[in-house]
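See structure below.
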Amino acid sequence: MSITGLEVEVERDDGFETEEMTLNMGPQHPSTHGVLRFVIKADGEVMRKATPDVGYLHRSIEKIAEKVGYASFMPYTDRVDYVAAMPCNQGWAMVTERLAGIEVPRRGEFCRVIATELNRIASHLLAVGSMAMDIGAYTPFTHALRERELINELLQELCGSRLTFNYMRIGGCAWDLPPRFGEKAIEYLDHLEPIIDEYNALISFNKIYVERLASVAVISREEAIDYNLVGPNLRGSGVKYDVRRDEPYSVYPEIDFDIPVGTGEAGIVGDSYDRYMVRIREMKECCKIIRQCLSKMEPGPVIAKVPRNLKPKPGEAYVRVESARGDMGWYCVSDGSTAPYRLKIRTGSFAAMSAIEHVSRGLMIADLVALIASLDIVAPEVDR
Amino acid sequence: MQEFVDGLIASGALPAGMPTWLLYAAAMLVFGSLVIFVFALLVAGVTSWIERRVWGRMQSRVGPNRVGPQGALQWLADGIKNLLKEDIIPTAADSKLFRLAPYVVVAGFAASFVVVPFASKWIIADLNIGILYLTAVTALVVIGILMAGWASNNKWSLLGGIRSAAQIVSYEIPAGLSLFPAVLLAGTLSMQGIIREQGWAPWDWYAFHNPFAFVAFVIFFVSALAEGNRTPFDLPEAETELVAGFMTEYSGMRSLMFFLAEWGNLYVIGAVVTTLYLGGWQIPHVTDSVILTQVLQLGVFFLKAYFWVFVAMWVRATLPRVRVDQLMVVCWKYLVPIAFINLAGTAVTMVVLHEVPVLALPLRLGITAVALAIVVAFFRRVRYQLRRARPELYLSPVI
């Protein structure tokens, strides 16, 4: 079908003529988090099909990389996924380091992991908060944003920005942790852990909330793998796969943390509630990781010596980082000049978006909102 | 109103020579317009401000606090802003119906104030079919909403309108069935009559008369929330699903009218719950002054009614929204059968209590005690959660 979805299908069953309604959800719709568009074929409240229409936020970020060069591209990576910009920073830094064969100092790796995990908590807070809001509860959203605000303050102290950090550099990090940062981070984690329990009491175990999400929009283990879902969406379907553990990078091998997976505690494995709970539990794991990193850190440099005009040898590299939305792949081809010959970023939201058309069949319109929210789709990450 | 006018005539405040029916009519008109144009608008407006402040507190943010002291005039500023905005009527809309719909909704809400009591002698008209009248005029709101949804010629509006029609029509059944235990107990449909049959003490209220009446009271409040399109039943205007539901295409004053009706309706819900089950304006005898008694009764009634408005705000700040099918399941599988059982149970209890009158008082006291225990347990739980949440941490964030 054409993406505009203007044709009308008429079904003739038992003498009644019924028409499917074509609804246009987005790009300006309050629940589509940014500019997403869905063309919905609906029979009353029940959807026959929801076709995502992507591309509204395409900014040619990959092409920009070919023009601006290795070091200058770092601020652009913040814009790939602005909700969790640190993992994007890290991905770009790592792929360049692999191309150029640069070794990152140990303290730099710890700084990276701390920043990334703090950012992951912030991203998950936004994800679970906006999910609760999409289901109709506004208070959890403001409470989640309140906690996210404190992370923003921490990260602002670390790198001067609250959203697009531009913290990492090729070969390490821009700055070492500021004085007392470790104590403040621990203080914040001590504050956050009981707050997560409070949050659970407020919304996660709320009867209406569980009923809205349990057994809704189930993505089975096989489907999740077929659709190439990654990150919390994949783990929500019961697949225990995490780049941080299965293809460890940075200092993750030294750190002890669990990988929460969906268990179908409220309904079927792989339903919206599982994906939600995976994010809630991951926040606690992030707290663990940050605590361990802070205790294992030793003084030292945070950035390696990198030539001012970086020209990696011709070749290609692919790295994967676990972003807040899952396995983020960075593929970079160098031709020996100061800018990459080609860059390709593989993102989790794009894969999640492709699963929607299949999963949304037979759901109600209200469930589509839950599905989009539970897949934690961030529009700019889909289009880049 | 008649009684009050009679009293005034007897005390010589009004000229005695005039025909009494004229005085009655005049008093009703004056009081009616006062109630609708001053009281109802004021209540709706102030409720909008209070709701936003209450929400703000519950969501750990500030809420409107700029216009007037503590933002108390915010509703006025919003009203003026909306009056000055362009009134957009979409080209594809059915413009006559589109323009009419908000008036129908407001008419339904304003007409319900006719039988809402304020004090023992202050009510626009104490109709002898008061409750039935109320059920009938609140159904006007559905017509208005459906009209708005259809006339907008927007699919989201249409979905909102259809949802609203299905929801309100369904929930009128448990709401209606839960009115009847009180009617049975009082033996009258008149609002004032029902209040007169109750007393000022909690154990004289119908909510605590027998277990069935208590459940009926709860069901009535839940169904009234659904009829008033309030969270967790705010599906017709579900923002994250249907943009703004039936009022997606409305702007300026017309959209404000829907909000006016919604916030005004909240007070009506509270007033009806108070009337039927919570003793209405009943107060112990404190003074012989007619006016002072009326004012005190008004105060008591208003506080009781407004408490339920507050509960509705609280519920809205706490609960997520149910889905359409769950909404219907709650109504038809749970509320309607339970409401029927309540009706039959109340009738049986009345017969039993008629035969064995000694049981009546212990039963009432017992249920009052149970209700009190529930309230105490609830507040202990709230306090526990507050302590566990350690609000001092985020009231003065160290970071």
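Naming scheme: A, B, ... for chains in displayed order of the structure tokens; residues 1 onward per chain; ligands 1 onward as shown.
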
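Proximity to Lys304 in chain B at 9 Å, evaluated using only C-alpha atoms and with sequence-adjacent residues fewer than 6 positions away removed, yields Gly270, Ala271, Thr274, Leu278, Gly280 and Trp281 of chain B.
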
Please produce a file of the residues just selected, as a PDB file, in the first residue's frame, where the atoms kept are N, CA and C atoms.
ATOM      1  N   GLY B 270     -20.005  15.767  43.742  1.00  0.00           N
ATOM      2  CA  GLY B 270     -19.813  15.844  45.188  1.00  0.00           C
ATOM      3  C   GLY B 270     -21.114  16.157  45.908  1.00  0.00           C
ATOM      4  N   ALA B 271     -21.882  17.097  45.338  1.00  0.00           N
ATOM      5  CA  ALA B 271     -23.124  17.506  45.980  1.00  0.00           C
ATOM      6  C   ALA B 271     -24.120  16.355  46.012  1.00  0.00           C
ATOM      7  N   THR B 274     -23.051  13.781  48.569  1.00  0.00           N
ATOM      8  CA  THR B 274     -23.316  14.306  49.900  1.00  0.00           C
ATOM      9  C   THR B 274     -24.805  14.236  50.235  1.00  0.00           C
ATOM     10  N   LEU B 278     -24.408  11.200  52.518  1.00  0.00           N
ATOM     11  CA  LEU B 278     -23.587  11.740  53.602  1.00  0.00           C
ATOM     12  C   LEU B 278     -24.289  12.838  54.387  1.00  0.00           C
ATOM     13  N   GLY B 280     -26.035  15.397  53.690  1.00  0.00           N
ATOM     14  CA  GLY B 280     -26.283  16.726  53.141  1.00  0.00           C
ATOM     15  C   GLY B 280     -25.897  17.847  54.072  1.00  0.00           C
ATOM     16  N   TRP B 281     -26.835  18.794  54.249  1.00  0.00           N
ATOM     17  CA  TRP B 281     -26.538  19.985  55.056  1.00  0.00           C
ATOM     18  C   TRP B 281     -26.849  19.791  56.519  1.00  0.00           C
TER      19      TRP B 281
END

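Proximity to chain B at a cut-off of 6 Å picks out A:Pro30, A:Ser31, A:Asp134, A:Ile135, A:Gly136, A:Ala137, A:Thr139, A:Thr142, A:Glu198, A:Ala366 on chain A, counting only C-alpha atoms.
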
Any chance you could list, as an MDAnalysis selection string, the residues in range 105-253 of chain B that come up helix (DSSP H, G or I) when DSSP is run on the backbone? chainID B and resid 105:115 130:151 155:186 191:197 202:204 206:208 211:227 235:237 239:242 245:247 252:253

May I have the selected residues written with C-alpha atoms, as an mmCIF file, in the first residue's frame?
data_model
loop_
_atom_site.group_PDB
_atom_site.id
_atom_site.type_symbol
_atom_site.label_atom_id
_atom_site.label_comp_id
_atom_site.auth_asym_id
_atom_site.auth_seq_id
_atom_site.Cartn_x
_atom_site.Cartn_y
_atom_site.Cartn_z
ATOM 1 C CA VAL B 105 -23.092 20.453 27.418
ATOM 2 C CA VAL B 106 -23.210 23.598 29.538
ATOM 3 C CA ALA B 107 -27.013 23.479 29.595
ATOM 4 C CA GLY B 108 -26.890 19.924 30.929
ATOM 5 C CA PHE B 109 -24.489 20.952 33.635
ATOM 6 C CA ALA B 110 -26.336 24.169 34.532
ATOM 7 C CA ALA B 111 -29.724 22.459 34.618
ATOM 8 C CA SER B 112 -28.471 19.977 37.181
ATOM 9 C CA PHE B 113 -27.902 22.855 39.594
ATOM 10 C CA VAL B 114 -31.686 23.325 39.773
ATOM 11 C CA VAL B 115 -32.047 20.464 42.224
ATOM 12 C CA GLY B 130 -35.403 15.584 42.052
ATOM 13 C CA ILE B 131 -33.182 12.538 41.552
ATOM 14 C CA LEU B 132 -34.895 11.439 38.351
ATOM 15 C CA TYR B 133 -34.629 14.980 37.015
ATOM 16 C CA LEU B 134 -30.918 14.989 37.768
ATOM 17 C CA THR B 135 -30.365 11.689 35.957
ATOM 18 C CA ALA B 136 -32.305 13.022 32.992
ATOM 19 C CA VAL B 137 -30.529 16.352 32.581
ATOM 20 C CA THR B 138 -27.041 14.958 33.042
ATOM 21 C CA ALA B 139 -27.790 12.765 30.025
ATOM 22 C CA LEU B 140 -27.887 15.995 28.009
ATOM 23 C CA VAL B 141 -24.120 16.149 28.391
ATOM 24 C CA VAL B 142 -23.756 12.951 26.340
ATOM 25 C CA ILE B 143 -25.780 14.471 23.529
ATOM 26 C CA GLY B 144 -23.574 17.537 23.567
ATOM 27 C CA ILE B 145 -20.389 15.501 23.542
ATOM 28 C CA LEU B 146 -21.606 13.196 20.803
ATOM 29 C CA MET B 147 -22.689 16.251 18.826
ATOM 30 C CA ALA B 148 -19.254 17.818 19.257
ATOM 31 C CA GLY B 149 -17.521 14.610 18.238
ATOM 32 C CA TRP B 150 -19.640 14.149 15.141
ATOM 33 C CA ALA B 151 -19.803 17.775 14.002
ATOM 34 C CA LYS B 155 -11.791 11.018 13.280
ATOM 35 C CA TRP B 156 -10.200 11.481 16.672
ATOM 36 C CA SER B 157 -13.144 13.625 17.747
ATOM 37 C CA LEU B 158 -15.544 11.034 16.455
ATOM 38 C CA LEU B 159 -13.791 8.272 18.397
ATOM 39 C CA GLY B 160 -13.940 10.449 21.506
ATOM 40 C CA GLY B 161 -17.615 11.137 21.006
ATOM 41 C CA ILE B 162 -18.442 7.463 20.464
ATOM 42 C CA ARG B 163 -16.401 6.434 23.492
ATOM 43 C CA SER B 164 -18.170 9.037 25.555
ATOM 44 C CA ALA B 165 -21.611 7.901 24.455
ATOM 45 C CA ALA B 166 -20.818 4.260 25.211
ATOM 46 C CA GLN B 167 -19.261 5.139 28.531
ATOM 47 C CA ILE B 168 -21.878 7.517 29.890
ATOM 48 C CA VAL B 169 -24.818 5.410 28.771
ATOM 49 C CA SER B 170 -23.264 2.312 30.374
ATOM 50 C CA TYR B 171 -22.322 3.973 33.619
ATOM 51 C CA GLU B 172 -25.732 5.563 34.024
ATOM 52 C CA ILE B 173 -27.031 2.122 34.895
ATOM 53 C CA PRO B 174 -24.867 1.427 37.964
ATOM 54 C CA ALA B 175 -25.138 5.096 38.926
ATOM 55 C CA GLY B 176 -28.915 4.983 38.644
ATOM 56 C CA LEU B 177 -29.147 1.686 40.490
ATOM 57 C CA SER B 178 -26.974 3.065 43.268
ATOM 58 C CA LEU B 179 -29.235 6.062 43.696
ATOM 59 C CA PHE B 180 -32.127 3.852 44.559
ATOM 60 C CA PRO B 181 -30.965 2.426 47.905
ATOM 61 C CA ALA B 182 -31.041 5.987 49.236
ATOM 62 C CA VAL B 183 -34.403 6.580 47.609
ATOM 63 C CA LEU B 184 -35.743 3.360 49.135
ATOM 64 C CA LEU B 185 -34.481 4.333 52.570
ATOM 65 C CA ALA B 186 -35.877 7.852 52.399
ATOM 66 C CA MET B 191 -33.300 15.905 47.241
ATOM 67 C CA GLN B 192 -34.311 17.880 50.332
ATOM 68 C CA GLY B 193 -36.577 15.034 51.438
ATOM 69 C CA ILE B 194 -33.658 12.570 51.325
ATOM 70 C CA ILE B 195 -31.474 14.890 53.383
ATOM 71 C CA ARG B 196 -34.251 15.500 55.916
ATOM 72 C CA GLU B 197 -34.528 11.767 56.507
ATOM 73 C CA PRO B 202 -22.291 10.028 60.657
ATOM 74 C CA TRP B 203 -24.235 6.980 61.866
ATOM 75 C CA ASP B 204 -27.442 8.690 60.742
ATOM 76 C CA TYR B 206 -27.392 6.593 54.619
ATOM 77 C CA ALA B 207 -23.883 5.543 53.644
ATOM 78 C CA PHE B 208 -23.594 3.822 57.026
ATOM 79 C CA PRO B 211 -23.578 -2.629 54.333
ATOM 80 C CA PHE B 212 -25.420 -2.568 51.019
ATOM 81 C CA ALA B 213 -25.957 1.162 51.191
ATOM 82 C CA PHE B 214 -22.261 1.610 51.907
ATOM 83 C CA VAL B 215 -21.288 -0.344 48.815
ATOM 84 C CA ALA B 216 -23.898 1.538 46.817
ATOM 85 C CA PHE B 217 -22.309 4.780 47.941
ATOM 86 C CA VAL B 218 -18.901 3.642 46.688
ATOM 87 C CA ILE B 219 -20.337 2.427 43.381
ATOM 88 C CA PHE B 220 -22.193 5.660 42.938
ATOM 89 C CA PHE B 221 -19.028 7.683 43.362
ATOM 90 C CA VAL B 222 -17.112 5.489 40.911
ATOM 91 C CA SER B 223 -19.875 5.630 38.301
ATOM 92 C CA ALA B 224 -20.237 9.369 38.796
ATOM 93 C CA LEU B 225 -16.530 9.770 38.053
ATOM 94 C CA ALA B 226 -17.069 7.768 34.869
ATOM 95 C CA GLU B 227 -20.067 9.869 33.923
ATOM 96 C CA LEU B 235 -11.301 8.023 27.791
ATOM 97 C CA PRO B 236 -13.376 10.463 25.725
ATOM 98 C CA GLU B 237 -10.669 13.087 25.990
ATOM 99 C CA GLU B 239 -4.964 13.094 25.649
ATOM 100 C CA THR B 240 -2.298 10.577 24.795
ATOM 101 C CA GLU B 241 -4.619 8.479 22.664
ATOM 102 C CA LEU B 242 -7.150 10.759 21.034
ATOM 103 C CA GLY B 245 -11.016 13.551 22.100
ATOM 104 C CA PHE B 246 -14.256 15.245 21.220
ATOM 105 C CA MET B 247 -12.842 18.717 21.724
ATOM 106 C CA GLY B 252 -11.197 29.622 22.492
ATOM 107 C CA MET B 253 -14.402 30.048 24.454
#

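Proximity of A:Leu57, A:Val218, A:Ala185, A:Val251 to Arg291 in chain A, computed with only C-alpha atoms, is greatest for A:Ala185.
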
Selection: 9 Å around Ala352 in chain A, only C-alpha atoms, excl. self and same-chain fewer than 2 positions, as a list in words: Tyr227, Asn228, Leu229, Val230, Asn233, Gly348, Ser349, Phe350, Ser354, Ala355, Ile356, Ile372, Leu375, Asp376, Ile377 and Val382 of chain A

Residues within 10 Å of Ala144 in chain A, please, as a PyMOL selection string. Count only C-alpha atoms; anything in the same chain fewer than 4 positions from it doesn't count. (chain A and resi 122+124-130+132+139-140+148-149+195-196+199) or (chain B and resi 59)

The selected residues should be written to file as a PDB file, in the first residue's frame (atoms: C-alpha atoms).
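Dumped to part_32.pdb:
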ATOM      1  CA  ALA A 122      18.226   9.215  33.080  1.00  0.00           C
ATOM      2  CA  HIS A 124      15.197   4.848  31.538  1.00  0.00           C
ATOM      3  CA  LEU A 125      13.576   7.293  33.951  1.00  0.00           C
ATOM      4  CA  LEU A 126      12.279   9.239  30.987  1.00  0.00           C
ATOM      5  CA  ALA A 127      11.152   6.026  29.298  1.00  0.00           C
ATOM      6  CA  VAL A 128       9.185   4.654  32.247  1.00  0.00           C
ATOM      7  CA  GLY A 129       7.845   8.092  33.126  1.00  0.00           C
ATOM      8  CA  SER A 130       6.551   8.873  29.678  1.00  0.00           C
ATOM      9  CA  ALA A 132       3.115   5.966  32.604  1.00  0.00           C
ATOM     10  CA  THR A 139       2.234  11.991  38.432  1.00  0.00           C
ATOM     11  CA  PRO A 140       4.802   9.222  37.771  1.00  0.00           C
ATOM     12  CA  ARG A 148      16.252  12.801  36.098  1.00  0.00           C
ATOM     13  CA  GLU A 149      16.801  16.447  36.891  1.00  0.00           C
ATOM     14  CA  ILE A 195      12.824   6.235  45.037  1.00  0.00           C
ATOM     15  CA  ILE A 196      12.640   3.379  42.526  1.00  0.00           C
ATOM     16  CA  TYR A 199       7.949   4.594  42.044  1.00  0.00           C
TER      17      TYR A 199
ATOM     18  CA  GLN B  59       3.517  15.940  41.272  1.00  0.00           C
TER      19      GLN B  59
END

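Every residue of range 116-305 of chain A with a DSSP assignment of strand (DSSP E), taken from the backbone, is listed as A:Met168, A:Arg169, A:Gly172, A:Cys173.
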
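Neighbouring residues of Pro52 in chain A at 8 Å or closer, counting only C-alpha atoms and skipping chain neighbours under 3 positions away, are Leu36, Arg37, Phe38, Val39, Met353, Ser354, Ile356 and Glu357 of chain A.
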
Atoms to include: C-alpha atoms. Write the selected residues as a PDB file, in the first residue's frame.
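Saved result, selection-v9.pdb, follows:
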ATOM      1  CA  LEU A  36       6.596   9.853  14.428  1.00  0.00           C
ATOM      2  CA  ARG A  37       3.748   9.087  12.123  1.00  0.00           C
ATOM      3  CA  PHE A  38       1.532   6.050  11.968  1.00  0.00           C
ATOM      4  CA  VAL A  39      -1.112   5.311   9.414  1.00  0.00           C
ATOM      5  CA  MET A 353       9.962   0.618  14.817  1.00  0.00           C
ATOM      6  CA  SER A 354      10.027  -2.139  12.212  1.00  0.00           C
ATOM      7  CA  ILE A 356       5.362  -2.299  15.211  1.00  0.00           C
ATOM      8  CA  GLU A 357       3.495  -3.101  12.022  1.00  0.00           C
TER       9      GLU A 357
END
